[in-house]
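What follows is one structure encoded as structure tokens, with my remarks underneath.
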Amino acid sequence: MKKMLPVKSEEIMVSDVTLTGLYGISLLAMVFGVLAAFLLNVATPTAFIFDRFTELKAVSEGRLVPFVARRIGIFFLIILLTAFPSMFIMHVLLRPVSYCLKQMQNALEVKNQMLDKARRRIVNLPFFFVGILTVLWVVLPPLIFAFLWFVGFVDMRTAAVFSIRASMVGFITASVAFYRIENHCRKGLIPLFFPEGRLAGLKGAQHLSIGRRIRWFYGMGTVLPLAILLVTLVTVQWELVSGSMSAREYGLRTILFAVVLSGIFLASAGVLNRLVVRSIVSPLKNMLQANTRVREGDYNARIQVVSNDEIGVLGDSGNAMIKGLADRRTLRAAFGRYVTPEIRDEILSGRIPLDGERREGTVMFADL
């Protein structure tokens with residue numbers, strides 16, 4: 001048995017829904033993570049970074065451009081090595097969704113099995129992608145810095161510190177990517193594939209409760225920056241014990257690191273805050289708008305359900321209530337055509353059973 005999805009769902013047209021934005025999110029997530037890790041590592045008060053700046057100052061003007069170009073080339077190579085797996089994973093995850101979209105855009109039928117798979121993939125996409133992205137951030141930095149240590153570019157301690165910090169930054173990147181992907185799906189894919197909502201009843205779908213959203217944001221915005229700062233302070237202590245740099249130099253570079261760390265996490269926390277608030281407030285606003293329309297007598301209003309959390313369940317209940325009110329109004333109008341308003345109201349109130357009731361009465365006939 002095959003099934004056709006509606007070409008239009010509310011105001012969402014099939015032709016307007018694309019997957020390009022999801023690929024862009026996967027790319028920007030890795031670029032942001034690599035850039036943030038690079039800035040933090042450059043600002044770290046270690047002898048390795050100090051030696052690199054000393055080398056840069058010692059380079060003559062004629063060799064400065066090739067020297068900087070090589071470093072920039074290494075930086076972009078790292079971005080390429082991390083961005084390609086991310087985009088490839090996104091491509092693999094989107095295969096069932098891409099297939100269904102092409103079928104719908106060409107006005108072709110979609111098999112129920114493939115449609116259900118695409119629906120589950122849309123709901124689970126943020127969880128799957130972020131889970132794999134987190135694994136990449138845990139695995140790739142140690143591999144990259146282990147290679148740099150193997151070729152003699154960095155010492156073992158510096159490689160360990162840099163890889164640990166890069167993995168921590170990856171958690172922030174994964175969190176931002178999660179909410180960006182979720183927001184993108186809620187704008188187009190979910191309204192198109194779930195025109196009637198009911199995401200909570202989808203088997204095999206993951207969900208994130210409101211409480212977990214708030215705790216996740218708290219952890220990424222407060223706990224993780226403190227952990228990165230703690231790792232850096234331990235690194236500073238190691239460097240001070242080795243005596244490779246003066247205390248004054250380390251103090252200045254520690255302040256620089258704190259400034260860079262604050263800037264990065266203020267920016268990421270601002271983005272996370274906006275995305276988390278939007279994921280909670282936007283469905284509530286839509287629910288309030290639908291309730292306002294119903295209160296004004298428009299029983300054709302529907303709540304657009306885009307999640308399977310508590311708000312999504314509440315939205316499904318609201319739609320069921322609105323449908324019940326609309327059916328009740330239709331029934332009320334139909335009864336009013338055949339019985340008196342008093343009898344109609346008694347029946348609809350439930351005080352009179354539909355199979356009737358027996359009553360004793362007295363009838364007086366008078367012929368005057």
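FYI, nothing fancy with the structure tokens labels: chains A, B, ... in order, residues from 1 per chain, ligands from 1 as they appear.
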List as a list in words the protein and nucleic acid residues near range 13-26 of chain A, meaning an atom at most 8 Å away when only C-alpha atoms are counted, but skip any in the same chain fewer than 4 places from it.
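Skipping anything fewer than 4 positions along the chain leaves Val7, Lys8, Ser9, Met30, Ala83, Ser86, Met87, Met90, His91, Ser98, Leu101, Met104, Gln105, Ala177, Arg180, Ile181, His184, Gly188, Leu189 and Leu192 of chain A.
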Writing out the chosen residues with N, CA, C and O atoms as a short mmCIF file (atom, residue, chain, number, x, y, z; two decimals), in the first residue's frame:
data_model
loop_
_atom_site.label_atom_id
_atom_site.label_comp_id
_atom_site.auth_asym_id
_atom_site.auth_seq_id
_atom_site.Cartn_x
_atom_site.Cartn_y
_atom_site.Cartn_z
N VAL A 7 0.54 17.95 -0.80
CA VAL A 7 1.55 18.82 -1.38
C VAL A 7 1.67 20.10 -0.58
O VAL A 7 2.69 20.75 -0.57
N LYS A 8 0.63 20.46 0.13
CA LYS A 8 0.67 21.67 0.94
C LYS A 8 0.20 21.34 2.35
O LYS A 8 -0.81 20.71 2.54
N SER A 9 0.96 21.76 3.34
CA SER A 9 0.59 21.57 4.73
C SER A 9 0.62 22.93 5.41
O SER A 9 1.67 23.53 5.57
N MET A 30 31.41 22.54 12.43
CA MET A 30 32.81 22.14 12.50
C MET A 30 33.75 23.33 12.36
O MET A 30 34.77 23.42 13.05
N ALA A 83 35.46 18.79 8.57
CA ALA A 83 34.19 19.16 7.95
C ALA A 83 33.68 18.07 7.01
O ALA A 83 32.47 17.83 6.92
N SER A 86 31.74 15.34 8.75
CA SER A 86 30.48 15.89 9.26
C SER A 86 29.43 15.98 8.17
O SER A 86 28.28 15.55 8.35
N MET A 87 29.80 16.51 7.02
CA MET A 87 28.84 16.66 5.92
C MET A 87 28.47 15.30 5.33
O MET A 87 27.33 15.08 4.90
N MET A 90 25.90 13.78 7.59
CA MET A 90 24.60 14.42 7.37
C MET A 90 23.95 13.90 6.09
O MET A 90 22.73 13.66 6.05
N HIS A 91 24.74 13.69 5.05
CA HIS A 91 24.21 13.17 3.80
C HIS A 91 23.62 11.77 3.99
O HIS A 91 22.54 11.47 3.47
N SER A 98 15.50 12.78 1.90
CA SER A 98 15.74 13.29 0.55
C SER A 98 14.93 12.52 -0.48
O SER A 98 14.35 13.10 -1.41
N LEU A 101 11.25 13.59 -0.25
CA LEU A 101 11.06 14.94 -0.78
C LEU A 101 11.05 14.93 -2.31
O LEU A 101 10.22 15.61 -2.94
N MET A 104 7.76 13.54 -3.51
CA MET A 104 6.67 14.50 -3.30
C MET A 104 6.75 15.66 -4.28
O MET A 104 5.74 16.13 -4.79
N GLN A 105 7.96 16.14 -4.53
CA GLN A 105 8.12 17.25 -5.46
C GLN A 105 7.75 16.86 -6.89
O GLN A 105 7.31 17.70 -7.67
N ALA A 177 24.74 22.86 17.34
CA ALA A 177 24.27 22.15 16.14
C ALA A 177 22.94 21.47 16.41
O ALA A 177 22.06 21.44 15.53
N ARG A 180 20.19 24.10 16.30
CA ARG A 180 20.07 24.65 14.95
C ARG A 180 19.36 23.66 14.03
O ARG A 180 18.49 24.04 13.24
N ILE A 181 19.73 22.39 14.11
CA ILE A 181 19.09 21.37 13.28
C ILE A 181 17.63 21.22 13.67
O ILE A 181 16.75 21.13 12.81
N HIS A 184 15.67 24.12 12.33
CA HIS A 184 15.50 24.02 10.88
C HIS A 184 14.41 23.00 10.53
O HIS A 184 13.58 23.24 9.63
N GLY A 188 10.26 23.61 8.45
CA GLY A 188 9.78 23.09 7.18
C GLY A 188 9.47 21.61 7.16
O GLY A 188 8.37 21.19 6.79
N LEU A 189 10.43 20.79 7.57
CA LEU A 189 10.28 19.35 7.43
C LEU A 189 9.17 18.79 8.31
O LEU A 189 8.35 17.98 7.85
N LEU A 192 5.65 19.67 7.20
CA LEU A 192 5.34 19.00 5.94
C LEU A 192 5.05 17.52 6.14
O LEU A 192 4.09 16.98 5.60
#
Name all residues at most 12 Å from His207 in chain A (count only C-alpha atoms; drop same-chain ones fewer than 2 positions away) and give them as a PDB file with N, CA and C atoms, in the first residue's frame.
ATOM      1  N   ARG A 120      10.655   9.232  11.205  1.00  0.00           N
ATOM      2  CA  ARG A 120      11.506   8.942  12.368  1.00  0.00           C
ATOM      3  C   ARG A 120      12.863   9.616  12.229  1.00  0.00           C
ATOM      4  N   ILE A 122      13.584  12.383  10.663  1.00  0.00           N
ATOM      5  CA  ILE A 122      13.470  13.827  10.886  1.00  0.00           C
ATOM      6  C   ILE A 122      13.453  14.141  12.378  1.00  0.00           C
ATOM      7  N   VAL A 123      12.670  13.380  13.131  1.00  0.00           N
ATOM      8  CA  VAL A 123      12.579  13.628  14.574  1.00  0.00           C
ATOM      9  C   VAL A 123      13.893  13.284  15.269  1.00  0.00           C
ATOM     10  N   ASN A 124      14.541  12.224  14.817  1.00  0.00           N
ATOM     11  CA  ASN A 124      15.775  11.771  15.471  1.00  0.00           C
ATOM     12  C   ASN A 124      17.031  12.427  14.915  1.00  0.00           C
ATOM     13  N   LEU A 125      16.897  13.214  13.851  1.00  0.00           N
ATOM     14  CA  LEU A 125      18.076  13.777  13.192  1.00  0.00           C
ATOM     15  C   LEU A 125      18.972  14.571  14.143  1.00  0.00           C
ATOM     16  N   PRO A 126      18.435  15.488  14.964  1.00  0.00           N
ATOM     17  CA  PRO A 126      19.340  16.207  15.880  1.00  0.00           C
ATOM     18  C   PRO A 126      20.083  15.278  16.826  1.00  0.00           C
ATOM     19  N   PHE A 127      19.411  14.245  17.317  1.00  0.00           N
ATOM     20  CA  PHE A 127      20.044  13.326  18.257  1.00  0.00           C
ATOM     21  C   PHE A 127      21.128  12.496  17.569  1.00  0.00           C
ATOM     22  N   PHE A 128      20.806  11.953  16.391  1.00  0.00           N
ATOM     23  CA  PHE A 128      21.773  11.118  15.682  1.00  0.00           C
ATOM     24  C   PHE A 128      23.006  11.925  15.277  1.00  0.00           C
ATOM     25  N   GLU A 182      17.363  21.192  14.955  1.00  0.00           N
ATOM     26  CA  GLU A 182      15.982  21.066  15.422  1.00  0.00           C
ATOM     27  C   GLU A 182      15.134  22.238  14.939  1.00  0.00           C
ATOM     28  N   LEU A 199       3.466  13.861  16.958  1.00  0.00           N
ATOM     29  CA  LEU A 199       4.837  13.352  16.968  1.00  0.00           C
ATOM     30  C   LEU A 199       5.085  12.445  18.163  1.00  0.00           C
ATOM     31  N   ALA A 200       4.354  12.686  19.252  1.00  0.00           N
ATOM     32  CA  ALA A 200       4.576  11.897  20.465  1.00  0.00           C
ATOM     33  C   ALA A 200       4.204  10.431  20.264  1.00  0.00           C
ATOM     34  N   GLY A 201       3.323  10.155  19.319  1.00  0.00           N
ATOM     35  CA  GLY A 201       2.919   8.778  19.074  1.00  0.00           C
ATOM     36  C   GLY A 201       3.790   8.039  18.083  1.00  0.00           C
ATOM     37  N   LEU A 202       4.842   8.685  17.594  1.00  0.00           N
ATOM     38  CA  LEU A 202       5.718   8.056  16.607  1.00  0.00           C
ATOM     39  C   LEU A 202       6.655   7.069  17.300  1.00  0.00           C
ATOM     40  N   LYS A 203       6.600   5.823  16.885  1.00  0.00           N
ATOM     41  CA  LYS A 203       7.437   4.796  17.494  1.00  0.00           C
ATOM     42  C   LYS A 203       8.892   4.958  17.062  1.00  0.00           C
ATOM     43  N   GLY A 204       9.790   4.737  18.003  1.00  0.00           N
ATOM     44  CA  GLY A 204      11.211   4.808  17.708  1.00  0.00           C
ATOM     45  C   GLY A 204      11.773   6.210  17.665  1.00  0.00           C
ATOM     46  N   ALA A 205      11.004   7.203  18.104  1.00  0.00           N
ATOM     47  CA  ALA A 205      11.461   8.591  18.073  1.00  0.00           C
ATOM     48  C   ALA A 205      12.001   8.999  19.437  1.00  0.00           C
ATOM     49  N   SER A 209      12.936  16.427  26.944  1.00  0.00           N
ATOM     50  CA  SER A 209      11.965  17.140  27.758  1.00  0.00           C
ATOM     51  C   SER A 209      12.417  18.577  28.007  1.00  0.00           C
ATOM     52  N   ILE A 210      11.488  19.398  28.472  1.00  0.00           N
ATOM     53  CA  ILE A 210      11.798  20.799  28.748  1.00  0.00           C
ATOM     54  C   ILE A 210      12.849  20.903  29.855  1.00  0.00           C
ATOM     55  N   GLY A 211      12.715  20.081  30.881  1.00  0.00           N
ATOM     56  CA  GLY A 211      13.688  20.114  31.970  1.00  0.00           C
ATOM     57  C   GLY A 211      15.091  19.776  31.503  1.00  0.00           C
ATOM     58  N   ARG A 212      15.206  18.792  30.631  1.00  0.00           N
ATOM     59  CA  ARG A 212      16.529  18.424  30.124  1.00  0.00           C
ATOM     60  C   ARG A 212      17.107  19.516  29.240  1.00  0.00           C
ATOM     61  N   ARG A 213      16.263  20.205  28.508  1.00  0.00           N
ATOM     62  CA  ARG A 213      16.750  21.325  27.693  1.00  0.00           C
ATOM     63  C   ARG A 213      17.413  22.380  28.574  1.00  0.00           C
ATOM     64  N   VAL A 306       5.116  20.675  16.549  1.00  0.00           N
ATOM     65  CA  VAL A 306       6.418  20.455  15.914  1.00  0.00           C
ATOM     66  C   VAL A 306       7.390  19.711  16.823  1.00  0.00           C
ATOM     67  N   SER A 307       6.904  19.168  17.936  1.00  0.00           N
ATOM     68  CA  SER A 307       7.795  18.461  18.857  1.00  0.00           C
ATOM     69  C   SER A 307       7.028  17.333  19.526  1.00  0.00           C
ATOM     70  N   ASN A 308       7.781  16.448  20.158  1.00  0.00           N
ATOM     71  CA  ASN A 308       7.159  15.343  20.887  1.00  0.00           C
ATOM     72  C   ASN A 308       7.415  15.441  22.385  1.00  0.00           C
ATOM     73  N   ASP A 309       7.748  16.651  22.859  1.00  0.00           N
ATOM     74  CA  ASP A 309       7.943  16.857  24.291  1.00  0.00           C
ATOM     75  C   ASP A 309       6.620  17.246  24.940  1.00  0.00           C
ATOM     76  N   GLU A 310       6.690  17.822  26.145  1.00  0.00           N
ATOM     77  CA  GLU A 310       5.461  18.180  26.854  1.00  0.00           C
ATOM     78  C   GLU A 310       4.618  19.187  26.073  1.00  0.00           C
ATOM     79  N   ILE A 311       5.281  20.125  25.404  1.00  0.00           N
ATOM     80  CA  ILE A 311       4.540  21.124  24.628  1.00  0.00           C
ATOM     81  C   ILE A 311       3.855  20.466  23.435  1.00  0.00           C
ATOM     82  N   GLY A 312       4.526  19.507  22.807  1.00  0.00           N
ATOM     83  CA  GLY A 312       3.911  18.804  21.689  1.00  0.00           C
ATOM     84  C   GLY A 312       2.694  17.998  22.110  1.00  0.00           C
ATOM     85  N   VAL A 313       2.800  17.312  23.247  1.00  0.00           N
ATOM     86  CA  VAL A 313       1.651  16.554  23.761  1.00  0.00           C
ATOM     87  C   VAL A 313       0.497  17.496  24.087  1.00  0.00           C
TER      88      VAL A 313
END
Please, which residues of range 84-317 of chain A, numbered as in this document, come out alpha helix (DSSP H) from DSSP, as JSON, numbers by chain?
{"A": [84, 85, 86, 87, 88, 89, 90, 91, 92, 93, 95, 96, 97, 98, 99, 100, 101, 102, 103, 104, 105, 112, 113, 114, 115, 116, 117, 118, 119, 120, 121, 122, 123, 124, 125, 126, 127, 128, 129, 130, 131, 132, 133, 134, 135, 136, 137, 138, 139, 140, 141, 142, 143, 144, 145, 146, 147, 148, 149, 150, 156, 157, 158, 159, 160, 161, 162, 163, 164, 165, 166, 167, 168, 169, 170, 171, 172, 173, 174, 175, 176, 177, 178, 179, 180, 181, 182, 183, 184, 190, 191, 192, 193, 210, 211, 212, 213, 214, 215, 216, 217, 218, 224, 225, 226, 227, 228, 229, 230, 231, 232, 233, 234, 235, 236, 237, 238, 239, 240, 241, 242, 247, 248, 249, 250, 251, 252, 253, 254, 255, 256, 257, 258, 259, 260, 261, 262, 263, 264, 265, 266, 267, 268, 269, 270, 271, 272, 273, 274, 275, 276, 277, 278, 279, 280, 281, 282, 283, 284, 285, 286, 287, 288, 289, 290, 291, 292, 293, 294, 295, 310, 311, 312, 313, 314, 315, 316, 317]}
As a check of understanding: the span from CA of Thr235 in chain A to CA of Phe75 in chain A is 23.1 Å
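Using only C-alpha atoms, the shortest contact distance between Leu94 in chain A and any of A:Arg119, A:Arg70, A:Arg302, A:Lys111 is found at A:Arg119.
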Give me, as number ranges by chain, all polymer residues having an atom no more than 10 Å from Gly324 in chain A, counting only C-alpha atoms and skipping those fewer than 6 positions away in the same chain.
A: 299, 318, 330
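Counting only C-alpha atoms, the residue from A:Ile74, A:Leu80, A:Ala258, A:Ile190 that sits nearest to Arg121 in chain A is A:Ile190.
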Name all residues at most 10 Å from Asn273 in chain A (count only C-alpha atoms; drop same-chain ones fewer than 2 positions away) and give them as JSON, numbers by chain.
{"A": [176, 214, 217, 218, 221, 267, 268, 269, 270, 271, 275, 276, 277, 278, 279]}
Output file for the residues above (N, CA, C and O atoms, as a PDB file, in the first residue's frame):
ATOM      1  N   VAL A 176      25.127  23.519  20.015  1.00  0.00           N
ATOM      2  CA  VAL A 176      24.600  24.534  19.094  1.00  0.00           C
ATOM      3  C   VAL A 176      24.034  23.868  17.849  1.00  0.00           C
ATOM      4  O   VAL A 176      22.958  24.238  17.356  1.00  0.00           O
ATOM      5  N   ILE A 214      16.746  22.701  29.662  1.00  0.00           N
ATOM      6  CA  ILE A 214      17.275  23.736  30.551  1.00  0.00           C
ATOM      7  C   ILE A 214      18.568  23.265  31.225  1.00  0.00           C
ATOM      8  O   ILE A 214      19.546  24.020  31.335  1.00  0.00           O
ATOM      9  N   PHE A 217      21.427  23.330  28.703  1.00  0.00           N
ATOM     10  CA  PHE A 217      21.911  24.693  28.480  1.00  0.00           C
ATOM     11  C   PHE A 217      22.768  25.158  29.654  1.00  0.00           C
ATOM     12  O   PHE A 217      23.808  25.805  29.467  1.00  0.00           O
ATOM     13  N   TYR A 218      22.350  24.828  30.862  1.00  0.00           N
ATOM     14  CA  TYR A 218      23.126  25.213  32.044  1.00  0.00           C
ATOM     15  C   TYR A 218      24.511  24.570  32.016  1.00  0.00           C
ATOM     16  O   TYR A 218      25.525  25.224  32.293  1.00  0.00           O
ATOM     17  N   GLY A 221      26.681  26.110  29.226  1.00  0.00           N
ATOM     18  CA  GLY A 221      26.973  27.529  29.397  1.00  0.00           C
ATOM     19  C   GLY A 221      27.779  27.868  30.632  1.00  0.00           C
ATOM     20  O   GLY A 221      28.374  28.950  30.703  1.00  0.00           O
ATOM     21  N   ALA A 267      29.578  34.375  23.310  1.00  0.00           N
ATOM     22  CA  ALA A 267      28.936  34.262  21.999  1.00  0.00           C
ATOM     23  C   ALA A 267      28.156  32.953  21.879  1.00  0.00           C
ATOM     24  O   ALA A 267      26.990  32.945  21.454  1.00  0.00           O
ATOM     25  N   SER A 268      28.783  31.843  22.268  1.00  0.00           N
ATOM     26  CA  SER A 268      28.103  30.550  22.160  1.00  0.00           C
ATOM     27  C   SER A 268      26.923  30.459  23.119  1.00  0.00           C
ATOM     28  O   SER A 268      25.870  29.910  22.773  1.00  0.00           O
ATOM     29  N   ALA A 269      27.075  31.019  24.324  1.00  0.00           N
ATOM     30  CA  ALA A 269      25.963  31.006  25.276  1.00  0.00           C
ATOM     31  C   ALA A 269      24.812  31.860  24.779  1.00  0.00           C
ATOM     32  O   ALA A 269      23.638  31.513  24.972  1.00  0.00           O
ATOM     33  N   GLY A 270      25.134  32.986  24.120  1.00  0.00           N
ATOM     34  CA  GLY A 270      24.070  33.813  23.554  1.00  0.00           C
ATOM     35  C   GLY A 270      23.296  33.088  22.473  1.00  0.00           C
ATOM     36  O   GLY A 270      22.060  33.144  22.425  1.00  0.00           O
ATOM     37  N   VAL A 271      24.028  32.384  21.603  1.00  0.00           N
ATOM     38  CA  VAL A 271      23.363  31.615  20.548  1.00  0.00           C
ATOM     39  C   VAL A 271      22.532  30.484  21.148  1.00  0.00           C
ATOM     40  O   VAL A 271      21.377  30.256  20.756  1.00  0.00           O
ATOM     41  N   LEU A 275      18.435  29.939  20.920  1.00  0.00           N
ATOM     42  CA  LEU A 275      17.868  28.734  20.324  1.00  0.00           C
ATOM     43  C   LEU A 275      17.001  27.964  21.321  1.00  0.00           C
ATOM     44  O   LEU A 275      15.929  27.457  20.967  1.00  0.00           O
ATOM     45  N   VAL A 276      17.467  27.865  22.567  1.00  0.00           N
ATOM     46  CA  VAL A 276      16.686  27.144  23.576  1.00  0.00           C
ATOM     47  C   VAL A 276      15.372  27.870  23.857  1.00  0.00           C
ATOM     48  O   VAL A 276      14.304  27.249  23.945  1.00  0.00           O
ATOM     49  N   VAL A 277      15.453  29.193  23.999  1.00  0.00           N
ATOM     50  CA  VAL A 277      14.237  29.972  24.249  1.00  0.00           C
ATOM     51  C   VAL A 277      13.270  29.837  23.079  1.00  0.00           C
ATOM     52  O   VAL A 277      12.056  29.666  23.267  1.00  0.00           O
ATOM     53  N   ARG A 278      13.798  29.895  21.866  1.00  0.00           N
ATOM     54  CA  ARG A 278      12.929  29.768  20.695  1.00  0.00           C
ATOM     55  C   ARG A 278      12.264  28.399  20.652  1.00  0.00           C
ATOM     56  O   ARG A 278      11.088  28.283  20.281  1.00  0.00           O
ATOM     57  N   SER A 279      13.003  27.347  21.013  1.00  0.00           N
ATOM     58  CA  SER A 279      12.431  25.999  20.965  1.00  0.00           C
ATOM     59  C   SER A 279      11.288  25.828  21.954  1.00  0.00           C
ATOM     60  O   SER A 279      10.442  24.945  21.776  1.00  0.00           O
TER      61      SER A 279
END
Report the distance between CA of Thr44 in chain A and CA of Ala160 in chain A in Å, rounded to one decimal place.
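Value for the CA of Thr44 in chain A-CA of Ala160 in chain A distance: 13.2 Å.
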Å distance separating CA of Ile228 in chain A from CA of Leu133 in chain A, one decimal place:
19.4 Å
Can you list, as a VMD selection string, every protein, DNA or RNA residue that comes within 10 Å of Met114 in chain A when you count only C-alpha atoms, leaving out same-chain residues fewer than 3 positions away?
chain A and resid 2 96 to 97 99 to 100 110 to 111 117 to 120
Thr134 in chain A environment, 8 Å, only C-alpha atoms, sequence neighbours closer than 5 positions dropped, as a PyMOL selection string
chain A and resi 170-171+174
From A:Leu81, A:Ser175, A:Thr254, A:Gly197, residue lying nearest Leu143 in chain A [only C-alpha atoms]:
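For Leu143 in chain A, the nearest of the candidates is A:Leu81.
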